[in-house]
Structure formats: structure tokens, C-alpha cells
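So this block is work.cif, mmCIF, C-alpha atoms:
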```
data_model
#
loop_
_atom_site.label_atom_id
_atom_site.label_comp_id
_atom_site.auth_asym_id
_atom_site.auth_seq_id
_atom_site.Cartn_x
_atom_site.Cartn_y
_atom_site.Cartn_z
CA MET A 1 55.18 87.42 21.26
CA SER A 2 53.17 85.88 18.44
CA ILE A 3 50.35 83.43 17.88
CA THR A 4 49.98 80.73 15.24
CA LEU A 5 46.87 80.28 13.16
CA GLN A 6 45.98 78.38 10.00
CA VAL A 7 45.39 80.32 6.79
CA ASN A 8 44.19 78.11 3.93
CA GLY A 9 45.72 75.11 5.69
CA GLU A 10 49.14 76.69 6.19
CA PRO A 11 50.57 77.93 9.50
CA HIS A 12 50.85 81.70 9.80
CA THR A 13 52.02 83.83 12.71
CA CYS A 14 50.84 87.26 13.78
CA SER A 15 50.63 89.40 16.89
CA PRO A 16 47.98 88.50 19.46
CA LYS A 17 44.70 90.35 18.97
CA THR A 18 45.49 91.25 15.36
CA LEU A 19 42.26 92.37 13.73
CA LEU A 20 41.16 90.55 10.59
CA PRO A 21 41.56 93.57 8.26
CA ASP A 22 45.13 94.02 9.50
CA LEU A 23 45.90 90.34 8.89
CA LEU A 24 44.47 90.57 5.38
CA ALA A 25 46.70 93.59 4.72
CA GLN A 26 49.74 91.66 6.01
CA LEU A 27 48.87 88.89 3.56
CA GLY A 28 48.61 91.42 0.72
CA LEU A 29 44.95 90.69 0.03
CA ASN A 30 42.38 93.14 -1.28
CA PRO A 31 39.42 92.89 1.12
CA ARG A 32 36.97 93.78 -1.64
CA LEU A 33 37.88 90.66 -3.59
CA ILE A 34 37.76 87.94 -0.94
CA ALA A 35 35.42 85.90 1.21
CA VAL A 36 36.53 84.67 4.64
CA GLU A 37 35.58 81.54 6.55
CA TYR A 38 36.58 81.93 10.20
CA ASN A 39 36.73 78.79 12.34
CA GLY A 40 34.30 76.99 10.05
CA GLU A 41 31.75 79.79 9.60
CA ILE A 42 31.44 82.32 6.79
CA LEU A 43 32.27 85.64 8.41
CA HIS A 44 30.16 88.49 7.10
CA ARG A 45 32.09 91.60 6.20
CA GLN A 46 30.30 93.72 8.83
CA PHE A 47 32.09 91.71 11.56
CA TRP A 48 35.60 91.86 10.12
CA ALA A 49 36.69 95.06 11.90
CA ASN A 50 35.93 93.56 15.34
CA THR A 51 37.31 90.06 14.75
CA GLU A 52 40.57 89.48 16.64
CA MET A 53 42.87 86.63 15.73
CA GLY A 54 43.55 84.10 18.46
CA GLU A 55 45.87 81.13 18.89
CA GLY A 56 44.77 78.21 16.74
CA ASP A 57 42.15 80.11 14.71
CA ARG A 58 41.45 78.67 11.26
CA LEU A 59 40.81 80.89 8.24
CA GLU A 60 39.93 79.89 4.72
CA ILE A 61 40.26 82.84 2.37
CA VAL A 62 38.81 82.63 -1.11
CA THR A 63 39.58 85.15 -3.82
CA ILE A 64 36.63 86.22 -5.92
CA VAL A 65 37.52 86.18 -9.60
CA GLY A 66 35.41 87.90 -12.20
CA GLY A 67 35.33 86.78 -15.78
CA GLY A 68 33.25 86.58 -18.79
#
```

Please express what this file holds, its structure, as C-alpha cells.
Amino acid sequence: MSITLQVNGEPHTCSPKTLLPDLLAQLGLNPRLIAVEYNGEILHRQFWANTEMGEGDRLEIVTIVGGG
């Protein structure tokens, strides 16, 4: 069984109740270098470990790029 959610406007499937850090790992993203908007709200890092993915959730993931 799987659920469908939107990640940066694209459909993505995962297991129900997948935690956000696990989803980020599945996507191959380094959690230290990203910011996450979850269902229209910026999700502070302290809440990531307890945030479960649900059917129809919307995530916008932005990679932080350093430069100089």
C-alpha cells in the first residue's frame, strides 16, 4: 500500500506514515542543506522527526546553496 503526495509539484509515492526525514533520505537529499514547506507552511526542523506523510500532502523542498 502506498500514498501519493506532491513534492515540488510532482507526484511522489511512499508508504503511509513515512516520517519526513525518511522521505528526504529516499529522495537523496541532505537534510542540512534544505528548507521544507509542508502543506503551505514552513516546517521548522525541530518538527521534522514527528511529521508523518499523508495522502495528498504537499511539500516544497528548497536546496540551500552557498556561494561567494

Ground truth for the PyMOL selection byres ((chain A and resi 54) around 7), written as a list in words: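 Applying the PyMOL selection byres ((chain A and resi 54) around 7) to the structure shown produces Ile3, Pro16, Lys17, Glu52, Met53, Glu55, Gly56 and Asp57 of chain A.
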
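Going from atom CA of Gly67 of chain A to atom CA of Leu43 of chain A covers 24.4 Å.
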
Phe47 of chain A environment, 12 Å, all atoms listed in the file, sequence neighbours closer than 3 positions dropped, as a ChimeraX atom specification: /A:19-21,36-38,42-44,50-52

Residue IDs satisfying the PyMOL selection byres ((chain A and resi 31-35) around 12), as a PyMOL selection string: chain A and resi 20-30+36-38+41-46+48-49+59-66

Residues near Thr13 of chain A, cut-off 7 Å, all atoms listed in the file, skip fewer than 6 positions along chain, as a VMD selection string: chain A and resid 2 to 5

Using the file's own x, y and z axes, so that the box edges lie along x, y and z, what centre and edge lengths in Å (one decimal) does a box around every listed atom of segment 28-43 of chain A get when 5 Å is added on each side? Give it as lines of an AutoDock Vina configuration file.
```
center_x = 40.0
center_y = 85.4
center_z = 4.4
size_x = 27.2
size_y = 26.8
size_z = 25.9
```
